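Here's the structure, in structure tokens; my notes come after.
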Amino acid sequence: MQFTESWLKSLVNTDLDTQALGEKLTMAGLEVEELEPLAPEFSGVVVGLVVKKDKHPDADRLSVCQVQVAEGDVRQIVCGAPNVAEGLKVPCALPGAVLPGGFNIKPTKMRGVESGGMLCSGKELGIPSDVDGLHILDTQLPVGGNVRELLGLNEMKFTLKMTPNRADCLSVWGVAREVAALTGATLNPPAFTPVAATIGDTLAVKVENTDLCGRFAGRVIRGVNNTVKTPQWMVERLEGAGQRSLSPLVDISNYVMLELGRPSHVFDLDKVQGGLTVRWAREGEQLKLLNDMTVALNPRFGVICDEQGPEALAGIMGGDHTAVNESTTNIFVEAAFWHPDAIVGRAREFNFSSDASHRFERGVDFQSIPEHLERITALILEICGGQAGPVQDQVLNLPARNPVALRHARAESVIGMPFATEQIQTVFRQLGFQFSLEGEGAELRYVVTPPSYRFDIEIEEDLIEEVIRVVGYDSLPLRAPLGKLKMLPAPESKLSRHAIRRQVAAMGYQEVVSYSFTPEQWEADFNANTDPVRLLNPIASHLSVMRSTLLGSLTGVLKHNLGHRVDRLRVFEVARVFEKNAKVGDGPQTVAGFMQTWKLGGLAYGLADQLQWSASNNRLLDFFDVKGDVEQLLAGKKVEFKAFDAKAQHPALHPGRSAQVLVNNRVVGFVGELHPKLAQVQDLPLAPVVFELLLDGLNTRKLPAYQDISKQPAVVRDLAFVVDQQVRAADLKKALTDAKEGNPAWVKSVILFDEFVPKDDGKGLKANEKSLAFRLTLQASDRSLTDADIEPLLNNMIELAAQRCAARLR
């Protein structure tokens, strides 16, 4: 919400200076986001009159102008603007002037011709201008006058950051009401003098759906002139609010919306076929809007129709067909109350927002429609002329203003300071609330009926907020909080999410934070999820579902970095993922049929190590590099990597370069290379290696326990087995470690140290066989092991290897 200080102070008599006014509004909840002059700083710019224009002798696009900058002072200035002409008054920067950005003006030569200054465009001065070239000034401005002062560019502009509940302050009048309530200043309301009808013309309007439109008012005005110039005072106020001047009728509608918070629409009456009908749209209807967008409608959208079909998108934007233009002479002015529930989110479905929808979806005053229509009519007749017909006002279905009770004792308890009864009553009077008192003493309460423009007053806490907001947060007593604090012990075996983040970062990964919202196609591609959790009101059309995996977000980060020539990347994210859950549980992760699960996701891409002079180390990372990172994260746990079943292969991973991660025989995630087809779809030069783990599998650890270090010598045995080439080394290793006969505690390590795959039959191996050799380290803590101790254990290992993997000793 933008407006100039003079506009605000024309509606409220306050003596506060600019800074004090900004602080007062901010402390009351209307945050002043920016407070700056209408134009950036510049100096030395005066009103110049072009008295003569000649063509530059050596440049087709340059003109040599004689410019009067003071009485009897004519300067020669070379100008390249296409619209320079004799008789124009334009901003002229004299030598020594400083333009926005610190640009200094000095005498110079342009293609051999002396130039003693610069004629300026609006862009060069930082002021709005629709002209391509020089900024044209009013002919009434005195030659040599200071442009900054004459155009009022030193005036301050307020930009408020409004919270969604304060729709009543989306107007200068609404902010003026707030200033009056906060300071006790008197208000100067705009004139709402009824305009007498001089013609009897009306337009038939039928409202079919009162759940869409609760009140509809309008009037016919004939004989308007839309070619006149919008008054300068209105243009300046519109520009100060960030609006361009378009045409008188459009400017008046925009002005009243900014002044009073009343969106309205002006129809070209001669283009309306028959009467108007307000209803929900029908499937298949289309409408071309004022922004040149053609939208396909459905019954979720409200429309204003004539006999030919939709002419306006209710509460959002008018249609192009009945829009006013320079030839418009007869109009129908509409002002209505559209129910917020019927407007909210509709514009965003078409990927745009309008000033009207921004207000209507938050709630617009429904009682002041006739007065505001009179204000619009008066301005139209004053500026464009014409004759007005009677006001047609249909009151159909207005919101109920339910009283809200505030207990005096409750207000004191919540705010934390005592209040006099008169103090709270004064607050309500200054806010314009109607109220009554009930009860006495400890039972005293105020029963408040919210005004028609306050849609945010619904419960007792809303009134408590109003009291302290107006009294002032700076009046709260300074008291330290009192409470019995108890330090709860944190189990050492439990790792926090922060500790896990630090652990992953220490391995060379960088943390990223991305949206939990994701494109629906990513859910299908990265997790084969055809029924994701959908958003009712997405922040963008492509971010329409909640993610059930972190892979899509990490791949998006990779693509962004590749676009910035980052060709080696390691990133991770710790975040929730969201999935549907048919059975609603009582746990903290299950809410209303949706399961929220914490996961750790990681992605690695590019070289295995930083680029260096040793070419042997400049290799691309592979599955085993990231598998090693996952093993390091899960160090101290019973970890197993198991290939996916053919029927349960992960849709985003390479079938032969991926594995499930199991901890204590429980699947906690996966690691693998991105599927080649998915890498191609995402336009990735190489397939990254990714992993995703449940945080539950990471956040517990086994505490260290004291154990004697054996002083006995270790025994080393090597076992080489011949197996089919399809047998995995991990399965054979598990068979060796599962041996029960003898003493399994003697087995300190089982390491695969050799793999031999023959090209042809030979060396005791067939073409479909391979040799796997393991080194066993055996050690007892109480004595030296002998062959008699070791043989039963080794025999059991060999027997299990034969049973499970059809292995034979080589």
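Residues in the structure tokens are numbered from 1 in each chain, the chains being A, B, ... in the order shown, and ligands are numbered from 1 in the order shown.
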Spatial neighbours of Leu772 in chain A, 6 Å, only C-alpha atoms, chain gap at least 2 places, as a PDB file with C-alpha atoms, in the first residue's frame:
```
ATOM      1  CA  ALA A 720      39.250 -68.073  -1.509  1.00  0.00           C
ATOM      2  CA  PHE A 721      35.918 -69.286  -2.918  1.00  0.00           C
ATOM      3  CA  ASP A 754      40.635 -60.019  -4.133  1.00  0.00           C
ATOM      4  CA  GLU A 755      38.218 -60.667  -6.976  1.00  0.00           C
TER       5      GLU A 755
END
```
Practice item. Find the residues near range 25-28 of chain A: any atom within 12 Å, counting only C-alpha atoms, skip ones fewer than 2 places away on the same chain, and give them as a ChimeraX atom specification. Key: /A:16,18-23,30-35,158-163,166,169,175-183,465-475
Point to revise | Top pick for closest residue to Arg728 in chain A, considering A:Tyr706, A:Phe641, A:Trp746, A:Phe691 and counting only C-alpha atoms | key: A:Phe641
Practice item. Just the strand (DSSP E) stuff from range 55-136 of chain A, please, per backbone DSSP, written as a PyMOL selection string. Key: chain A and resi 55+63-70+73-79+89-99+103-104+108-110+113-115+118-119
Got time to write the residues from that selection, C-alpha atoms, as a PDB file, in the first residue's frame?
```pdb
ATOM      1  CA  LYS A  55      19.498  19.753 -36.887  1.00  0.00           C
ATOM      2  CA  SER A  63      19.391  18.293 -32.398  1.00  0.00           C
ATOM      3  CA  VAL A  64      21.020  21.581 -31.443  1.00  0.00           C
ATOM      4  CA  CYS A  65      18.571  23.438 -29.200  1.00  0.00           C
ATOM      5  CA  GLN A  66      18.491  26.955 -27.821  1.00  0.00           C
ATOM      6  CA  VAL A  67      16.992  26.638 -24.342  1.00  0.00           C
ATOM      7  CA  GLN A  68      15.950  29.521 -22.112  1.00  0.00           C
ATOM      8  CA  VAL A  69      16.773  28.645 -18.473  1.00  0.00           C
ATOM      9  CA  ALA A  70      16.201  32.074 -16.892  1.00  0.00           C
ATOM     10  CA  ASP A  73      19.678  33.367 -20.219  1.00  0.00           C
ATOM     11  CA  VAL A  74      19.571  31.114 -23.300  1.00  0.00           C
ATOM     12  CA  ARG A  75      21.877  28.079 -23.446  1.00  0.00           C
ATOM     13  CA  GLN A  76      22.883  25.907 -26.397  1.00  0.00           C
ATOM     14  CA  ILE A  77      22.220  22.250 -25.585  1.00  0.00           C
ATOM     15  CA  VAL A  78      22.624  19.216 -27.846  1.00  0.00           C
ATOM     16  CA  CYS A  79      19.762  16.746 -27.387  1.00  0.00           C
ATOM     17  CA  LYS A  89       8.998  23.190 -21.370  1.00  0.00           C
ATOM     18  CA  VAL A  90      11.256  20.395 -20.167  1.00  0.00           C
ATOM     19  CA  PRO A  91      13.615  19.666 -17.231  1.00  0.00           C
ATOM     20  CA  CYS A  92      17.042  21.103 -17.933  1.00  0.00           C
ATOM     21  CA  ALA A  93      20.121  20.040 -15.946  1.00  0.00           C
ATOM     22  CA  LEU A  94      22.616  22.900 -15.913  1.00  0.00           C
ATOM     23  CA  PRO A  95      26.383  22.445 -15.552  1.00  0.00           C
ATOM     24  CA  GLY A  96      27.076  21.496 -11.926  1.00  0.00           C
ATOM     25  CA  ALA A  97      23.802  19.569 -11.596  1.00  0.00           C
ATOM     26  CA  VAL A  98      23.890  16.120  -9.996  1.00  0.00           C
ATOM     27  CA  LEU A  99      21.386  13.566 -11.307  1.00  0.00           C
ATOM     28  CA  PHE A 103      25.835  11.596 -12.478  1.00  0.00           C
ATOM     29  CA  ASN A 104      27.471  15.061 -12.764  1.00  0.00           C
ATOM     30  CA  THR A 108      30.886  19.234 -23.217  1.00  0.00           C
ATOM     31  CA  LYS A 109      31.156  18.862 -26.977  1.00  0.00           C
ATOM     32  CA  MET A 110      28.926  16.444 -28.855  1.00  0.00           C
ATOM     33  CA  VAL A 113      29.117  21.159 -31.098  1.00  0.00           C
ATOM     34  CA  GLU A 114      29.235  22.840 -27.676  1.00  0.00           C
ATOM     35  CA  SER A 115      26.527  21.716 -25.220  1.00  0.00           C
ATOM     36  CA  MET A 118      21.281  18.335 -20.583  1.00  0.00           C
ATOM     37  CA  LEU A 119      17.562  18.068 -21.306  1.00  0.00           C
TER      38      LEU A 119
END
```
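Proximity of A:Gly117, A:Gly606, A:Gly48, A:Pro651 to Ala528 in chain A, computed with only C-alpha atoms, is greatest for A:Pro651.
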Could the residues of range 436-458 of chain A that have an atom at most 12 Å from range 322-346 of chain A be listed as CSV, each with its closest atom pair and the distance in Å to one decimal, counting only C-alpha atoms and ordered by chain and ascending residue number?
```
residue,atom,partner,partner_atom,distance
A:Ser452,CA,A:Phe337,CA,11.4
A:Tyr453,CA,A:Phe337,CA,11.4
A:Phe455,CA,A:Pro340,CA,10.0
```
Practice item. Determine which residues of range 461-662 of chain A DSSP labels as alpha helix (DSSP H) from the backbone of this structure, then write them out as a PyMOL selection string. Key: chain A and resi 461-471+497-505+520-527+551-562+623-633
Practice item. Tell me, as a list of chain:residue names, which residues lie within 9 Å of Val131 in chain A, counting only C-alpha atoms; anything in the same chain fewer than 4 positions away does not count. Key: A:Asn83, A:Ser121, A:Gly122, A:His135, A:Ile136
Check your understanding: Which neighbours of Leu698 in chain A fall inside 9 Å, counting only C-alpha atoms, when residues of the same chain fewer than 2 positions from it are skipped, and could you give them as JSON, numbers by chain?
Key -> {"A": [495, 500, 600, 633, 634, 668, 693, 694, 695, 696, 700, 701]}
Output for the residues just chosen: N, CA and C atoms as an mmCIF file, in the first residue's frame:
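That gives us part27.cif:
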```cif
data_model
loop_
_atom_site.group_PDB
_atom_site.id
_atom_site.type_symbol
_atom_site.label_atom_id
_atom_site.label_comp_id
_atom_site.auth_asym_id
_atom_site.auth_seq_id
_atom_site.Cartn_x
_atom_site.Cartn_y
_atom_site.Cartn_z
ATOM 1 N N LEU A 495 20.937 -38.332 18.678
ATOM 2 C CA LEU A 495 21.578 -37.247 17.958
ATOM 3 C C LEU A 495 20.533 -36.243 17.496
ATOM 4 N N ILE A 500 23.433 -34.038 13.116
ATOM 5 C CA ILE A 500 23.496 -34.799 11.863
ATOM 6 C C ILE A 500 23.918 -33.880 10.730
ATOM 7 N N LEU A 600 16.977 -37.380 5.399
ATOM 8 C CA LEU A 600 18.217 -36.764 4.952
ATOM 9 C C LEU A 600 18.439 -37.187 3.506
ATOM 10 N N LEU A 633 28.325 -42.226 7.682
ATOM 11 C CA LEU A 633 27.222 -41.652 8.452
ATOM 12 C C LEU A 633 26.626 -42.673 9.418
ATOM 13 N N LEU A 634 26.617 -43.921 9.003
ATOM 14 C CA LEU A 634 25.999 -44.981 9.800
ATOM 15 C C LEU A 634 27.043 -45.776 10.580
ATOM 16 N N VAL A 668 16.187 -48.381 5.793
ATOM 17 C CA VAL A 668 16.151 -46.981 6.227
ATOM 18 C C VAL A 668 16.406 -46.018 5.076
ATOM 19 N N LEU A 693 17.920 -41.101 3.345
ATOM 20 C CA LEU A 693 17.857 -41.928 4.544
ATOM 21 C C LEU A 693 16.821 -41.374 5.501
ATOM 22 N N LEU A 694 16.108 -42.269 6.162
ATOM 23 C CA LEU A 694 15.230 -41.851 7.251
ATOM 24 C C LEU A 694 16.068 -41.301 8.391
ATOM 25 N N LEU A 695 15.625 -40.199 8.954
ATOM 26 C CA LEU A 695 16.390 -39.626 10.058
ATOM 27 C C LEU A 695 16.358 -40.548 11.275
ATOM 28 N N ASP A 696 15.291 -41.362 11.372
ATOM 29 C CA ASP A 696 15.215 -42.332 12.476
ATOM 30 C C ASP A 696 16.354 -43.341 12.426
ATOM 31 N N THR A 700 20.164 -42.206 16.244
ATOM 32 C CA THR A 700 20.525 -42.969 17.439
ATOM 33 C C THR A 700 21.927 -43.535 17.253
ATOM 34 N N ARG A 701 22.645 -43.665 18.346
ATOM 35 C CA ARG A 701 24.003 -44.182 18.265
ATOM 36 C C ARG A 701 24.265 -45.071 19.475
#
```
Study note, to complete from the structure: In terms of only C-alpha atoms, the residue from A:Arg219, A:Lys748, A:Lys52, A:His542 at minimal distance from Leu88 in chain A is A:Lys52
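A straight line drawn from CA of Ala480 in chain A to CA of Ile464 in chain A is 21.4 Å long.
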Review point. Which residues, written as a ChimeraX atom specification, have at least one atom at most 9 Å from Ala39 in chain A, with only C-alpha atoms counted and residues fewer than 5 positions away on the same chain left out?
Key: /A:100,125-128,148,153-155
Exercise for review: Counting only C-alpha atoms, figure out which residue out of A:Gly483, A:Pro40, A:Gly636, A:Gly602 gets nearest to Thr555 in chain A.
Suggested key: A:Gly602
Point to revise | Contacts of Pro519 in chain A within 9 Å, only C-alpha atoms, excl. fewer than 6 positions in-chain, as a PyMOL selection string | key: chain A and resi 541-547+552
Same residues, N, CA, C and O atoms, saved as a PDB file, in the first residue's frame:
```
ATOM      1  N   SER A 541       1.619 -21.960  -9.680  1.00  0.00           N
ATOM      2  CA  SER A 541       0.871 -23.047 -10.315  1.00  0.00           C
ATOM      3  C   SER A 541       1.699 -24.316 -10.445  1.00  0.00           C
ATOM      4  O   SER A 541       1.166 -25.423 -10.350  1.00  0.00           O
ATOM      5  N   HIS A 542       3.020 -24.187 -10.661  1.00  0.00           N
ATOM      6  CA  HIS A 542       3.836 -25.391 -10.851  1.00  0.00           C
ATOM      7  C   HIS A 542       4.251 -26.031  -9.533  1.00  0.00           C
ATOM      8  O   HIS A 542       4.702 -27.179  -9.523  1.00  0.00           O
ATOM      9  N   LEU A 543       4.096 -25.315  -8.408  1.00  0.00           N
ATOM     10  CA  LEU A 543       4.427 -25.884  -7.089  1.00  0.00           C
ATOM     11  C   LEU A 543       3.120 -26.305  -6.424  1.00  0.00           C
ATOM     12  O   LEU A 543       2.709 -25.744  -5.413  1.00  0.00           O
ATOM     13  N   SER A 544       2.475 -27.313  -6.980  1.00  0.00           N
ATOM     14  CA  SER A 544       1.099 -27.621  -6.611  1.00  0.00           C
ATOM     15  C   SER A 544       0.948 -28.788  -5.642  1.00  0.00           C
ATOM     16  O   SER A 544      -0.146 -29.048  -5.163  1.00  0.00           O
ATOM     17  N   VAL A 545       2.027 -29.540  -5.352  1.00  0.00           N
ATOM     18  CA  VAL A 545       1.924 -30.697  -4.463  1.00  0.00           C
ATOM     19  C   VAL A 545       3.057 -30.657  -3.448  1.00  0.00           C
ATOM     20  O   VAL A 545       4.047 -29.929  -3.602  1.00  0.00           O
ATOM     21  N   MET A 546       2.893 -31.462  -2.382  1.00  0.00           N
ATOM     22  CA  MET A 546       3.940 -31.591  -1.365  1.00  0.00           C
ATOM     23  C   MET A 546       4.853 -32.758  -1.752  1.00  0.00           C
ATOM     24  O   MET A 546       4.402 -33.796  -2.237  1.00  0.00           O
ATOM     25  N   ARG A 547       6.148 -32.591  -1.521  1.00  0.00           N
ATOM     26  CA  ARG A 547       7.095 -33.608  -1.957  1.00  0.00           C
ATOM     27  C   ARG A 547       7.094 -34.804  -1.011  1.00  0.00           C
ATOM     28  O   ARG A 547       6.960 -34.656   0.199  1.00  0.00           O
ATOM     29  N   GLY A 552      13.941 -34.728  -6.067  1.00  0.00           N
ATOM     30  CA  GLY A 552      13.596 -33.702  -7.042  1.00  0.00           C
ATOM     31  C   GLY A 552      14.195 -32.353  -6.686  1.00  0.00           C
ATOM     32  O   GLY A 552      14.752 -31.653  -7.536  1.00  0.00           O
TER      33      GLY A 552
END
```
Point to revise | Neighbour list for Pro82 in chain A as a PyMOL selection string, cut-off 10 Å, only C-alpha atoms, skip fewer than 5 positions in-chain | key: chain A and resi 61-63+132-134
I need the residues from that last selection saved to file as a PDB file, in the first residue's frame (with all heavy atoms), if you can.
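This is the output file result.pdb:
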```pdb
ATOM      1  N   ARG A  61      20.585  11.970 -35.600  1.00  0.00           N
ATOM      2  CA  ARG A  61      19.671  11.786 -34.469  1.00  0.00           C
ATOM      3  C   ARG A  61      19.839  12.843 -33.379  1.00  0.00           C
ATOM      4  O   ARG A  61      19.194  12.749 -32.339  1.00  0.00           O
ATOM      5  CB  ARG A  61      19.860  10.397 -33.869  1.00  0.00           C
ATOM      6  CG  ARG A  61      19.497   9.281 -34.824  1.00  0.00           C
ATOM      7  CD  ARG A  61      19.543   7.932 -34.136  1.00  0.00           C
ATOM      8  NE  ARG A  61      19.180   6.857 -35.040  1.00  0.00           N
ATOM      9  CZ  ARG A  61      19.098   5.576 -34.693  1.00  0.00           C
ATOM     10  NH1 ARG A  61      19.380   5.221 -33.448  1.00  0.00           N
ATOM     11  NH2 ARG A  61      18.768   4.656 -35.579  1.00  0.00           N
ATOM     12  N   LEU A  62      20.706  13.796 -33.589  1.00  0.00           N
ATOM     13  CA  LEU A  62      20.929  14.836 -32.594  1.00  0.00           C
ATOM     14  C   LEU A  62      20.364  16.163 -33.081  1.00  0.00           C
ATOM     15  O   LEU A  62      20.337  16.451 -34.289  1.00  0.00           O
ATOM     16  CB  LEU A  62      22.417  14.990 -32.292  1.00  0.00           C
ATOM     17  CG  LEU A  62      23.124  13.785 -31.658  1.00  0.00           C
ATOM     18  CD1 LEU A  62      24.593  14.099 -31.431  1.00  0.00           C
ATOM     19  CD2 LEU A  62      22.451  13.398 -30.354  1.00  0.00           C
ATOM     20  N   SER A  63      19.905  16.953 -32.105  1.00  0.00           N
ATOM     21  CA  SER A  63      19.391  18.293 -32.398  1.00  0.00           C
ATOM     22  C   SER A  63      20.163  19.300 -31.570  1.00  0.00           C
ATOM     23  O   SER A  63      20.536  19.024 -30.417  1.00  0.00           O
ATOM     24  CB  SER A  63      17.899  18.390 -32.068  1.00  0.00           C
ATOM     25  OG  SER A  63      17.145  17.433 -32.781  1.00  0.00           O
ATOM     26  N   ASP A 132       8.114   8.717 -24.517  1.00  0.00           N
ATOM     27  CA  ASP A 132       9.383   8.191 -25.015  1.00  0.00           C
ATOM     28  C   ASP A 132      10.273   9.380 -25.370  1.00  0.00           C
ATOM     29  O   ASP A 132      10.195   9.942 -26.455  1.00  0.00           O
ATOM     30  CB  ASP A 132       9.149   7.310 -26.242  1.00  0.00           C
ATOM     31  CG  ASP A 132      10.455   6.725 -26.769  1.00  0.00           C
ATOM     32  OD1 ASP A 132      11.442   6.713 -26.008  1.00  0.00           O
ATOM     33  OD2 ASP A 132      10.486   6.307 -27.942  1.00  0.00           O
ATOM     34  N   GLY A 133      11.100   9.787 -24.426  1.00  0.00           N
ATOM     35  CA  GLY A 133      11.960  10.941 -24.641  1.00  0.00           C
ATOM     36  C   GLY A 133      11.906  11.878 -23.463  1.00  0.00           C
ATOM     37  O   GLY A 133      11.822  11.449 -22.307  1.00  0.00           O
ATOM     38  N   LEU A 134      11.935  13.168 -23.752  1.00  0.00           N
ATOM     39  CA  LEU A 134      11.964  14.169 -22.695  1.00  0.00           C
ATOM     40  C   LEU A 134      10.679  14.166 -21.882  1.00  0.00           C
ATOM     41  O   LEU A 134       9.590  13.879 -22.401  1.00  0.00           O
ATOM     42  CB  LEU A 134      12.185  15.565 -23.297  1.00  0.00           C
ATOM     43  CG  LEU A 134      13.474  15.776 -24.095  1.00  0.00           C
ATOM     44  CD1 LEU A 134      13.520  17.184 -24.643  1.00  0.00           C
ATOM     45  CD2 LEU A 134      14.695  15.501 -23.230  1.00  0.00           C
TER      46      LEU A 134
END
```
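Candidate residues A:Ala405, A:Val512, A:Ile751, A:Val45 were compared for distance to Val716 in chain A, and the nearest is A:Ile751, using only C-alpha atoms.
Of the residues listed (A:Val626, A:Ser493, A:Lys733, A:Val723), A:Ser493 shows the shortest atom-to-atom separation from Lys702 in chain A; distances use only C-alpha atoms.
Pairwise distance (CA of Asp211 in chain A, CA of His372 in chain A) equals 22.6 Å.
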